[in-house]
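**Q** Starting off with a structure, shown below.
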Amino acid sequence: MLSQKMKEALNRQVWMEAQSSQAYLAMGSWAEIQPGLKGCTKFFFKHSDEERMHMLKLIHYINERGGFAVIPSLEQPVLTFVSLKAAFDQLFKHEVKVSESINNLVEIALAEKDYATHNFLQWYVIEQMEEERLARECNDKLELIGDDKSGLYLFDRDIMTMDQQ
Ligand code: FEO
């Protein structure tokens, strides 16, 4: 059985994952109308789907442990970006925030002596390490590329394979 504090914290995470999904959905829609960003468009939409999966996993966990997962209302995400780099900067910052939030949940689980939730959260801890790594790698590459169009072409071509490393 989840404590009240744990339930509330997990429900805040449901909101955070849903908000992430929404933010990446907006990035995907923006990328889709830019010339030549087919790969990045796919990447953002795929990540939006993954965040929805993270949210669903939490919803099922809360409900299975005797809580009630509350489906939250969402904020309007940022819709447009001055550059692809700006979108990836935002994605990276967002992932760092999500990692902090997961760490906070782990702390609460330990304080509440909720070892089942602590165990459940380990999947998210590992997932966040991977997501931060990928976002950092994309940002570093885009920093190097700058305004070089052939570099951007290659980045867009390769991004889906970077995602599988
Ligand atoms: Fe589910 Fe990328 O945070």
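Following the order of the structure tokens, first chain is A, next is B, and so on, with residues numbered from 1 inside each chain and ligands from 1 in the order they appear.
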Could you give me, as a list in words, every polymer residue with an atom at most 7 Å away from an atom of ligand 1, counting only C-alpha atoms and all ligand atoms?

**A**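 If we count only C-alpha atoms and all ligand atoms, the neighbours of ligand 1 turn out to be Glu17, Ser20, Glu51, His54, Glu95, Val98, Gln128 and Glu131 of chain A.
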
**Q** Write out as a PyMOL selection string the residues lying within 8 Å of Leu121 (chain A), counting only C-alpha atoms and excluding same-chain residues fewer than 2 positions away.

**A** chain A and resi 102+105-106+117-119+123-125

**Q** From the set A:Leu142, A:Ala111, A:Met129, A:Met162, which residue has the shortest atom-to-atom contact distance to Met6 (chain A), counting only C-alpha atoms?

**A**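 The answer is A:Ala111, which sits nearest to Met6 (chain A).
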
**Q** Leaving out region 74-80 of chain A and any residue of its chain fewer than 2 positions from it, which residues lie within 7 Å of it when counting only C-alpha atoms, given as a list in words?

**A**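 Those residues are Gln19, Gln22, Ala23, Ala26, Met27, Trp30, Pro72 and Val82 of chain A.
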
**Q** Keeping N, CA and C atoms, export the residues of the selection given above as a short mmCIF file (atom, residue, chain, number, x, y, z; two decimals), in the first residue's frame.

**A**
data_model
loop_
_atom_site.label_atom_id
_atom_site.label_comp_id
_atom_site.auth_asym_id
_atom_site.auth_seq_id
_atom_site.Cartn_x
_atom_site.Cartn_y
_atom_site.Cartn_z
N GLN A 19 3.66 15.95 -19.28
CA GLN A 19 4.12 17.26 -19.76
C GLN A 19 5.32 17.10 -20.70
N GLN A 22 4.07 15.96 -24.02
CA GLN A 22 3.45 17.10 -24.71
C GLN A 22 4.52 18.04 -25.30
N ALA A 23 5.58 18.27 -24.52
CA ALA A 23 6.65 19.17 -24.97
C ALA A 23 7.33 18.60 -26.22
N ALA A 26 5.19 18.84 -29.30
CA ALA A 26 5.27 20.20 -29.89
C ALA A 26 6.56 20.35 -30.70
N MET A 27 7.66 19.80 -30.19
CA MET A 27 8.93 19.87 -30.94
C MET A 27 8.79 19.11 -32.26
N TRP A 30 6.77 21.17 -34.71
CA TRP A 30 7.59 22.28 -35.22
C TRP A 30 8.59 21.75 -36.25
N PRO A 72 -3.79 14.28 -15.21
CA PRO A 72 -3.69 15.74 -14.99
C PRO A 72 -4.02 16.58 -16.21
N VAL A 82 13.84 28.96 -32.21
CA VAL A 82 14.61 29.77 -33.18
C VAL A 82 15.53 28.89 -34.01
#

**Q** Could the residues of region 109-157 of chain A that have an atom at most 9 Å from region 87-93 of chain A be listed as a tab-separated table, each with its closest atom pair and the distance in Å to one decimal, counting only C-alpha atoms and ordered by chain and ascending residue number?

**A**
residue	atom	partner	partner_atom	distance
A:Glu131	CA	A:Phe92	CA	8.5
A:Glu132	CA	A:Phe92	CA	6.6
A:Leu134	CA	A:Phe92	CA	8.7
A:Ala135	CA	A:Phe92	CA	5.2
A:Arg136	CA	A:Phe92	CA	6.5
A:Cys138	CA	A:Phe88	CA	7.1
A:Asn139	CA	A:Phe88	CA	6.2
A:Leu142	CA	A:Phe88	CA	8.6

**Q** A:Thr161, A:Ser3, A:Asn11, A:Ser150: which is nearest His60 (chain A), counting only C-alpha atoms?

**A**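 Closest candidate: A:Asn11.
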
**Q** Could you tell me, as an mmCIF file with N, CA and C atoms, in the first residue's frame, which residues of region 75-165 of chain A DSSP assigns to alpha helix (DSSP H) when given the backbone?

**A**
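The result, written out as result.cif:
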data_model
loop_
_atom_site.group_PDB
_atom_site.id
_atom_site.type_symbol
_atom_site.label_atom_id
_atom_site.label_comp_id
_atom_site.auth_asym_id
_atom_site.auth_seq_id
_atom_site.Cartn_x
_atom_site.Cartn_y
_atom_site.Cartn_z
ATOM 1 N N LEU A 84 17.156 24.444 -34.403
ATOM 2 C CA LEU A 84 17.128 23.066 -33.925
ATOM 3 C C LEU A 84 17.903 22.962 -32.612
ATOM 4 N N LYS A 85 18.993 23.715 -32.537
ATOM 5 C CA LYS A 85 19.814 23.729 -31.314
ATOM 6 C C LYS A 85 18.972 24.196 -30.129
ATOM 7 N N ALA A 86 18.149 25.210 -30.354
ATOM 8 C CA ALA A 86 17.313 25.729 -29.267
ATOM 9 C C ALA A 86 16.339 24.656 -28.787
ATOM 10 N N ALA A 87 15.807 23.880 -29.726
ATOM 11 C CA ALA A 87 14.876 22.809 -29.338
ATOM 12 C C ALA A 87 15.612 21.749 -28.512
ATOM 13 N N PHE A 88 16.791 21.374 -28.950
ATOM 14 C CA PHE A 88 17.555 20.349 -28.215
ATOM 15 C C PHE A 88 18.051 20.859 -26.863
ATOM 16 N N ASP A 89 18.371 22.152 -26.793
ATOM 17 C CA ASP A 89 18.742 22.739 -25.493
ATOM 18 C C ASP A 89 17.595 22.565 -24.511
ATOM 19 N N GLN A 90 16.414 22.858 -25.015
ATOM 20 C CA GLN A 90 15.249 22.758 -24.147
ATOM 21 C C GLN A 90 14.989 21.311 -23.735
ATOM 22 N N LEU A 91 15.178 20.413 -24.683
ATOM 23 C CA LEU A 91 14.976 18.987 -24.392
ATOM 24 C C LEU A 91 15.950 18.532 -23.300
ATOM 25 N N PHE A 92 17.193 18.973 -23.415
ATOM 26 C CA PHE A 92 18.202 18.576 -22.418
ATOM 27 C C PHE A 92 17.827 19.117 -21.035
ATOM 28 N N LYS A 93 17.489 20.409 -20.980
ATOM 29 C CA LYS A 93 17.124 21.016 -19.695
ATOM 30 C C LYS A 93 15.934 20.295 -19.088
ATOM 31 N N HIS A 94 15.001 19.933 -19.938
ATOM 32 C CA HIS A 94 13.802 19.228 -19.488
ATOM 33 C C HIS A 94 14.174 17.875 -18.872
ATOM 34 N N GLU A 95 15.046 17.161 -19.549
ATOM 35 C CA GLU A 95 15.458 15.844 -19.040
ATOM 36 C C GLU A 95 16.185 15.955 -17.698
ATOM 37 N N VAL A 96 16.992 17.010 -17.541
ATOM 38 C CA VAL A 96 17.696 17.205 -16.258
ATOM 39 C C VAL A 96 16.659 17.405 -15.150
ATOM 40 N N LYS A 97 15.620 18.172 -15.448
ATOM 41 C CA LYS A 97 14.549 18.395 -14.459
ATOM 42 C C LYS A 97 13.852 17.087 -14.107
ATOM 43 N N VAL A 98 13.594 16.267 -15.133
ATOM 44 C CA VAL A 98 12.933 14.982 -14.885
ATOM 45 C C VAL A 98 13.825 14.105 -13.997
ATOM 46 N N SER A 99 15.122 14.108 -14.269
ATOM 47 C CA SER A 99 16.043 13.312 -13.448
ATOM 48 C C SER A 99 15.996 13.772 -11.994
ATOM 49 N N GLU A 100 15.981 15.091 -11.785
ATOM 50 C CA GLU A 100 15.912 15.616 -10.408
ATOM 51 C C GLU A 100 14.640 15.138 -9.731
ATOM 52 N N SER A 101 13.580 15.149 -10.494
ATOM 53 C CA SER A 101 12.295 14.742 -9.951
ATOM 54 C C SER A 101 12.298 13.241 -9.590
ATOM 55 N N ILE A 102 12.915 12.426 -10.433
ATOM 56 C CA ILE A 102 13.025 10.987 -10.140
ATOM 57 C C ILE A 102 13.874 10.784 -8.875
ATOM 58 N N ASN A 103 14.984 11.515 -8.789
ATOM 59 C CA ASN A 103 15.836 11.399 -7.592
ATOM 60 C C ASN A 103 15.066 11.757 -6.332
ATOM 61 N N ASN A 104 14.255 12.771 -6.456
ATOM 62 C CA ASN A 104 13.425 13.184 -5.322
ATOM 63 C C ASN A 104 12.446 12.076 -4.916
ATOM 64 N N LEU A 105 11.877 11.404 -5.927
ATOM 65 C CA LEU A 105 10.965 10.280 -5.643
ATOM 66 C C LEU A 105 11.698 9.140 -4.934
ATOM 67 N N VAL A 106 12.923 8.883 -5.368
ATOM 68 C CA VAL A 106 13.718 7.814 -4.738
ATOM 69 C C VAL A 106 13.940 8.164 -3.259
ATOM 70 N N GLU A 107 14.246 9.432 -3.008
ATOM 71 C CA GLU A 107 14.459 9.879 -1.623
ATOM 72 C C GLU A 107 13.206 9.666 -0.781
ATOM 73 N N ILE A 108 12.072 10.020 -1.344
ATOM 74 C CA ILE A 108 10.802 9.853 -0.606
ATOM 75 C C ILE A 108 10.557 8.370 -0.341
ATOM 76 N N ALA A 109 10.780 7.523 -1.358
ATOM 77 C CA ALA A 109 10.550 6.077 -1.191
ATOM 78 C C ALA A 109 11.407 5.538 -0.053
ATOM 79 N N LEU A 110 12.647 6.001 0.030
ATOM 80 C CA LEU A 110 13.531 5.520 1.105
ATOM 81 C C LEU A 110 13.060 6.035 2.457
ATOM 82 N N ALA A 111 12.689 7.315 2.491
ATOM 83 C CA ALA A 111 12.225 7.905 3.760
ATOM 84 C C ALA A 111 10.962 7.215 4.256
ATOM 85 N N TYR A 115 10.099 0.026 -0.067
ATOM 86 C CA TYR A 115 11.154 -0.595 -0.873
ATOM 87 C C TYR A 115 10.628 -1.090 -2.221
ATOM 88 N N ALA A 116 9.362 -1.409 -2.293
ATOM 89 C CA ALA A 116 8.780 -1.819 -3.577
ATOM 90 C C ALA A 116 8.827 -0.648 -4.561
ATOM 91 N N THR A 117 8.443 0.529 -4.078
ATOM 92 C CA THR A 117 8.480 1.706 -4.958
ATOM 93 C C THR A 117 9.926 2.066 -5.294
ATOM 94 N N HIS A 118 10.788 1.926 -4.316
ATOM 95 C CA HIS A 118 12.208 2.192 -4.552
ATOM 96 C C HIS A 118 12.706 1.299 -5.698
ATOM 97 N N ASN A 119 12.330 0.039 -5.642
ATOM 98 C CA ASN A 119 12.723 -0.919 -6.672
ATOM 99 C C ASN A 119 12.105 -0.541 -8.030
ATOM 100 N N PHE A 120 10.826 -0.203 -8.012
ATOM 101 C CA PHE A 120 10.123 0.212 -9.234
ATOM 102 C C PHE A 120 10.830 1.414 -9.887
ATOM 103 N N LEU A 121 11.299 2.331 -9.053
ATOM 104 C CA LEU A 121 11.893 3.566 -9.574
ATOM 105 C C LEU A 121 13.267 3.369 -10.216
ATOM 106 N N GLN A 122 13.898 2.251 -9.917
ATOM 107 C CA GLN A 122 15.244 2.034 -10.484
ATOM 108 C C GLN A 122 15.216 2.024 -12.019
ATOM 109 N N TRP A 123 14.128 1.520 -12.577
ATOM 110 C CA TRP A 123 13.981 1.534 -14.034
ATOM 111 C C TRP A 123 14.074 2.968 -14.563
ATOM 112 N N TYR A 124 13.426 3.901 -13.842
ATOM 113 C CA TYR A 124 13.424 5.316 -14.255
ATOM 114 C C TYR A 124 14.814 5.940 -14.066
ATOM 115 N N VAL A 125 15.502 5.534 -13.016
ATOM 116 C CA VAL A 125 16.844 6.079 -12.768
ATOM 117 C C VAL A 125 17.751 5.750 -13.959
ATOM 118 N N ILE A 126 17.689 4.498 -14.399
ATOM 119 C CA ILE A 126 18.538 4.068 -15.526
ATOM 120 C C ILE A 126 18.089 4.736 -16.822
ATOM 121 N N GLU A 127 16.800 4.800 -17.025
ATOM 122 C CA GLU A 127 16.239 5.439 -18.217
ATOM 123 C C GLU A 127 16.683 6.911 -18.297
ATOM 124 N N GLN A 128 16.670 7.591 -17.170
ATOM 125 C CA GLN A 128 17.064 9.010 -17.168
ATOM 126 C C GLN A 128 18.536 9.192 -17.506
ATOM 127 N N MET A 129 19.373 8.277 -17.029
ATOM 128 C CA MET A 129 20.799 8.372 -17.354
ATOM 129 C C MET A 129 20.969 8.311 -18.869
ATOM 130 N N GLU A 130 20.247 7.386 -19.488
ATOM 131 C CA GLU A 130 20.320 7.199 -20.933
ATOM 132 C C GLU A 130 19.774 8.434 -21.673
ATOM 133 N N GLU A 131 18.650 8.954 -21.196
ATOM 134 C CA GLU A 131 18.047 10.101 -21.882
ATOM 135 C C GLU A 131 18.919 11.345 -21.776
ATOM 136 N N GLU A 132 19.533 11.522 -20.613
ATOM 137 C CA GLU A 132 20.436 12.677 -20.457
ATOM 138 C C GLU A 132 21.654 12.524 -21.350
ATOM 139 N N ARG A 133 22.180 11.305 -21.430
ATOM 140 C CA ARG A 133 23.353 11.063 -22.276
ATOM 141 C C ARG A 133 23.040 11.420 -23.733
ATOM 142 N N LEU A 134 21.910 10.922 -24.200
ATOM 143 C CA LEU A 134 21.521 11.154 -25.585
ATOM 144 C C LEU A 134 21.298 12.644 -25.867
ATOM 145 N N ALA A 135 20.611 13.317 -24.960
ATOM 146 C CA ALA A 135 20.331 14.744 -25.159
ATOM 147 C C ALA A 135 21.628 15.547 -25.141
ATOM 148 N N ARG A 136 22.552 15.171 -24.255
ATOM 149 C CA ARG A 136 23.834 15.873 -24.183
ATOM 150 C C ARG A 136 24.629 15.658 -25.477
ATOM 151 N N GLU A 137 24.597 14.425 -25.971
ATOM 152 C CA GLU A 137 25.323 14.098 -27.204
ATOM 153 C C GLU A 137 24.764 14.915 -28.386
ATOM 154 N N CYS A 138 23.461 15.001 -28.470
ATOM 155 C CA CYS A 138 22.836 15.785 -29.555
ATOM 156 C C CYS A 138 23.255 17.244 -29.445
ATOM 157 N N ASN A 139 23.239 17.786 -28.222
ATOM 158 C CA ASN A 139 23.610 19.185 -28.021
ATOM 159 C C ASN A 139 25.063 19.436 -28.389
ATOM 160 N N ASP A 140 25.935 18.528 -27.999
ATOM 161 C CA ASP A 140 27.359 18.692 -28.312
ATOM 162 C C ASP A 140 27.564 18.703 -29.827
ATOM 163 N N LYS A 141 26.880 17.782 -30.512
ATOM 164 C CA LYS A 141 27.030 17.718 -31.970
ATOM 165 C C LYS A 141 26.517 19.003 -32.624
ATOM 166 N N LEU A 142 25.373 19.455 -32.166
ATOM 167 C CA LEU A 142 24.794 20.667 -32.761
ATOM 168 C C LEU A 142 25.665 21.892 -32.489
ATOM 169 N N GLU A 143 26.317 21.903 -31.352
ATOM 170 C CA GLU A 143 27.236 22.989 -31.010
ATOM 171 C C GLU A 143 28.386 23.018 -32.030
ATOM 172 N N LEU A 144 28.912 21.849 -32.339
ATOM 173 C CA LEU A 144 30.001 21.755 -33.315
ATOM 174 C C LEU A 144 29.536 22.171 -34.712
ATOM 175 N N ILE A 145 28.344 21.731 -35.067
ATOM 176 C CA ILE A 145 27.817 21.969 -36.420
ATOM 177 C C ILE A 145 27.535 23.448 -36.659
ATOM 178 N N LYS A 149 25.249 23.814 -43.025
ATOM 179 C CA LYS A 149 24.083 23.095 -43.556
ATOM 180 C C LYS A 149 24.371 21.617 -43.831
ATOM 181 N N SER A 150 25.584 21.321 -44.301
ATOM 182 C CA SER A 150 25.858 19.897 -44.572
ATOM 183 C C SER A 150 25.970 19.132 -43.252
ATOM 184 N N GLY A 151 26.478 19.797 -42.223
ATOM 185 C CA GLY A 151 26.527 19.170 -40.895
ATOM 186 C C GLY A 151 25.123 18.873 -40.382
ATOM 187 N N LEU A 152 24.229 19.821 -40.573
ATOM 188 C CA LEU A 152 22.833 19.628 -40.132
ATOM 189 C C LEU A 152 22.167 18.499 -40.915
ATOM 190 N N TYR A 153 22.504 18.432 -42.198
ATOM 191 C CA TYR A 153 21.963 17.361 -43.041
ATOM 192 C C TYR A 153 22.367 15.993 -42.479
ATOM 193 N N LEU A 154 23.649 15.876 -42.139
ATOM 194 C CA LEU A 154 24.148 14.597 -41.609
ATOM 195 C C LEU A 154 23.563 14.301 -40.222
ATOM 196 N N PHE A 155 23.427 15.348 -39.412
ATOM 197 C CA PHE A 155 22.849 15.178 -38.074
ATOM 198 C C PHE A 155 21.431 14.620 -38.207
ATOM 199 N N ASP A 156 20.671 15.222 -39.110
ATOM 200 C CA ASP A 156 19.283 14.781 -39.297
ATOM 201 C C ASP A 156 19.231 13.351 -39.832
ATOM 202 N N ARG A 157 20.177 13.021 -40.691
ATOM 203 C CA ARG A 157 20.209 11.676 -41.258
ATOM 204 C C ARG A 157 20.550 10.629 -40.190
ATOM 205 N N ASP A 158 21.460 11.029 -39.244
ATOM 206 C CA ASP A 158 21.998 10.041 -38.295
ATOM 207 C C ASP A 158 21.268 9.971 -36.962
ATOM 208 N N ILE A 159 20.360 10.895 -36.703
ATOM 209 C CA ILE A 159 19.827 10.990 -35.331
ATOM 210 C C ILE A 159 19.100 9.713 -34.871
ATOM 211 N N MET A 160 18.418 9.050 -35.782
ATOM 212 C CA MET A 160 17.702 7.855 -35.336
ATOM 213 C C MET A 160 18.656 6.717 -34.961
ATOM 214 N N THR A 161 19.840 6.686 -35.588
ATOM 215 C CA THR A 161 20.794 5.638 -35.206
ATOM 216 C C THR A 161 21.504 6.001 -33.899
ATOM 217 N N MET A 162 21.708 7.316 -33.656
ATOM 218 C CA MET A 162 22.285 7.749 -32.368
ATOM 219 C C MET A 162 21.392 7.285 -31.219
#

**Q** With only C-alpha atoms as the counted atoms, please give the residues lying no more than 8 Å from Glu32 (chain A), apart from itself and same-chain residues fewer than 5 positions off, as a ChimeraX atom specification.

**A** /A:37-38,41

**Q** What's the 12 Å shell around Met1 (chain A), counting only C-alpha atoms, without same-chain residues fewer than 6 positions away, as a PyMOL selection string?

**A** chain A and resi 7+61-68+112-117

**Q** Hey, can you check how far CA of Leu25 (chain A) sits from CA of Ala69 (chain A)?

**A**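 So the two atoms, CA of Leu25 (chain A) and CA of Ala69 (chain A), lie 22.4 Å apart.
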
**Q** Take CA of Ser83 (chain A) and CA of Arg52 (chain A) and report the distance between them in Å, one decimal.

**A**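 Between CA of Ser83 (chain A) and CA of Arg52 (chain A) the gap is 25.2 Å.
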
**Q** For CA of Gln13 (chain A) and CA of Met53 (chain A), quote the distance in Å rounded to one decimal.

**A**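 Taking CA of Gln13 (chain A) and CA of Met53 (chain A), their separation equals 12.6 Å.
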
**Q** Considering only C-alpha atoms, can you say which of A:Gly146, A:Phe81, A:Tyr24, A:Gly39 comes closest to Asp163 (chain A)?

**A**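 Closest to Asp163 (chain A), using only C-alpha atoms: A:Gly39.
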